[in-house]
Amino acid sequence: MMRQNLLLFFILIHGLAVFSQQEYVITHERRELFFTEIFPESYDDTLMRDAIFYHLNLECQKLNIRQFKMQKILEYTALDQVEFIAKRDITRINDVPDRKKIAARLYEYDAGNQDANEIIYKALVAKGKTLLTYDEVAYDIAYTLFSRSRIQDILKNPRYIFIGIASQLDKEGKKVYISLNFGNYSIYSVPRNEIKSSGLPITINQYGLHPYNERFCKSCERFSNIYSLHSMLRVEKGVIYFETNDLRALRKLLRNEKDGIAADVVMWEQYPCKGLNTVNNIFVNKGYLTKPIFYENFVRVNEYQGRLGQRELKLVLGTIPEGVKDYEVNLVIIKDKSVCKNLIRPYTVPHMTTGMPEIFAYPDTISRFNEFNEKVFIPKEGDTAIISFRIPFETGRSKYKKEDIKAFVDSLKQPYFNPLRFTVVAYSSIEGDRDKNLQLRGQRINSMVQAIHEYSGTKIPIKTLSKESWDLFYSDIVGTDFQFLKPKSKEEISAFIKKGDNKAMLEPILAKQRFAEVQILAQYDISTVQKEEEYVLYMFHKALKEYRDNDALSIQKYIIQKVLSGHYSKYIVDRMNIPDCAAYSGIQMNKLWLQYTALNIPVDAAYVIEMRRLNRQSPTNLYIRRNLAYARLQLEIIDSENYVYEMQREIDALLISELPKHVVDPLNLQLQIKSLEALKTTLKVSSEDSFIQAAFERIKNIIEIQKDDWQGALNLAILFSSMGDYEYPLEIMAPMIHNPSISEEFIFTFLSMCTHTDYMHYTEIFEQALQRAFEINPKKLCELIDTGKISFQIMENLTVKKFYCHVCGHAKTH
């Protein structure tokens, strides 16, 4: 008690000078003393304090987070606490009565008690008869505390920048009690009497409101984008209004009789560059507090009545005090008469983009388990190929029908190629006289040679061959009623054919063997884009006709590349004639994809219908499944929890398939974002908090940011902020503010996100971010604060205040 009285005496004499934090440095000489063994009779609590301080900051350094600064008032409250718990052998903070917890102890010192925390712990100072050193005990304390989830949340929380440490041995001298007290600049507080004498209209009457209560205020911490409520405040002719057109959404936060809102009018004059801030951080308000309006009175005082009043809310919160010129209006959120939030107006940076990765359909590039990727089609000048045609003949005839050589004639016309050699092979069926068949094959050869000369217009030498059809016959009877003839000799088969109706019964097989095969060794002319386009399309159709679907897919990919690059006409897409069968479903989907992409057509109902048809035709094609999900997400309204779960199951299945991760991730990301957006309109879920948390966790897993990828971190920040989440992007961006490559948009976006929290302006990283912003664009930074776009209440951080008043020479000093 004597320590408290002495401290209060110094406060009265010297104001708040006693609260100044120390830039406490552990020297090498001091560090050497840590290795002293702990003797109970000569226990040094300051040495233990310094050793714990050293090892806690060493752990912070390893984690690349802020390091603590010593603070005298917190050291005093820690000493008070450790005396209390040591006398009663208390090791759990929940066993400490409220009157002895840190908020009450800070109150006794007239210090701000709204944003402080504490940890108590008990550790061994000896193992058996072996005495431990101060360093060993401190290391064990730091390591253990950082290993416990609830405790490490306090140690890692960036809102706590100051620390006070105290220790005391137990009666036996074998264990040590530890009290760690944490806080920030909000512990600096002008006493009530100075508030009264300041001449400023600062409200001392608290209207029966209570400080922050964790039990009542939990719903505020869970409420999505609570800072957006500040945009519902406006001031017209000195009158402060709160207005929303979505009363139903507000009722998710304020729904009990003693829940409510108020306005806190904070004045520039409270933050002069010379002198202390005129703020009492024990109060629930900073400036002029309007009388709270509680939920039980919303209907009565709502300026909208009747049916409109059931949907919308407009309240008059109060008026700006007379004579107050430069001010900001905070929104005070009350739960069960406890002030949970005092919301400062946030600064929002306008962005050209949404941060949402582009999402689109993908062509099928992995069919046949990536065999396709191993064989790349690239046409080359001088490419050669053998083109074969079969020209059928009737029994005993050597003249062809014009319709039978149409395909051959057409091939001579397109695509553009130069024939290098022709080969004609003539066949005749086996049933005729051998000599006559030989003569007939010769006649068929002559007939085809004449046709080649007539239609090709060339005099290239033609190689001719005459072949019997016995090999073809033996092959063709396999699997037929005449398979029994396969082991028989030619003579036996000839004799069989001559008997009865055998020849007539064998005619369907024999007819296949009366033909001439024309082979063209061609060198293709692809000297112009048009000629290459015709050649590639021809090769695509040829591969399909010959059931070489891997080759067809490879050629189609080449066509896709050429169309998208503008080298090929987009109308080639319509000329792709693809058989409608399951084997070619992926290739059909590629055609559909290219039609929409090349012509820049948005996905529509017709696209979804065709994708569903292809999915039924080939349910195992992963790209069809993926693109169907994509199309549905573009067009369908998310209006049920089952829809989200069904779509998530499909996407999760795709994630563990052979599809590349980068193909599925954008789809997964869009589902999360659209689901979160739908919560505001069409979607109702059983547990909104769990649903939102799960969606954000998926987004974090989808978007992986490398430590130097500041552009990726910026895009993520824009994306998350558009959905009202700022904590995660701040965590990602904070380590990057010292990167010399970051842009102006990055640093001012970071500052903007800090203003959407109630603690970041207290942190060291915020101080460093202001410095970087000043280095990049000093004029912009000062203008943002001077014009109130960035709140002047950031000067509750005394380091920030000193920086602003120094670098912005035109600052208001009052």
# chains A, B, ... in the order shown; residues from 1 in each chain; ligands from 1
call {"tool": "residues_around", "arguments": {"residues": "Pro211 of chain A", "least_positions_apart": "2", "cutoff": "7 Å", "atoms": "only C-alpha atoms", "output": "list of chain:residue names"}}
result
A:Leu209, A:Asn213, A:Val284, A:Ser338, A:Val339
call {"tool": "select_by_dssp", "arguments": {"residues": "segment 582-790 of chain A", "states": "alpha helix (DSSP H)", "output": "ChimeraX atom specification"}}
result
/A:585-598,605-617,622-635,641-655,661-678,688-702,710-722,727-733,744-754,764-776,778-786
call {"tool": "residues_around", "arguments": {"residues": "Asn184 of chain A", "least_positions_apart": "3", "cutoff": "9 Å", "atoms": "only C-alpha atoms", "output": "list in words"}}
result
Asp115, Ala116, Arg159, Tyr160, Ile161, Phe162, Ile163, Ile187, Tyr188, Tyr759, Tyr762, Thr763 and Asn797 of chain A
call {"tool": "residues_around", "arguments": {"residues": "segment 693-696 of chain A", "least_positions_apart": "5", "cutoff": "12 Å", "atoms": "only C-alpha atoms", "output": "ChimeraX atom specification"}}
result
/A:222-224,644-645,648,668-677,679,687-688,701-703,716,719-721,723-729
call {"tool": "residues_around", "arguments": {"residues": "Lys789 of chain A", "least_positions_apart": "2", "cutoff": "9 Å", "atoms": "only C-alpha atoms", "output": "PyMOL selection string"}}
result
chain A and resi 345-348+783-787+791-792
call {"tool": "residues_around", "arguments": {"residues": "Ser569 of chain A", "least_positions_apart": "4", "cutoff": "9 Å", "atoms": "only C-alpha atoms", "output": "VMD selection string"}}
result
chain A and resid 530 533 562 to 563 573
call {"tool": "residues_around", "arguments": {"residues": "Ala426 of chain A", "least_positions_apart": "3", "cutoff": "7 Å", "atoms": "only C-alpha atoms", "output": "ChimeraX atom specification"}}
result
/A:441,444-445,465-467,515-517
call {"tool": "atom_distance", "arguments": {"atom1": "atom CA of Val332 of chain A", "atom2": "atom CA of Glu108 of chain A"}}
result
25.3 Å
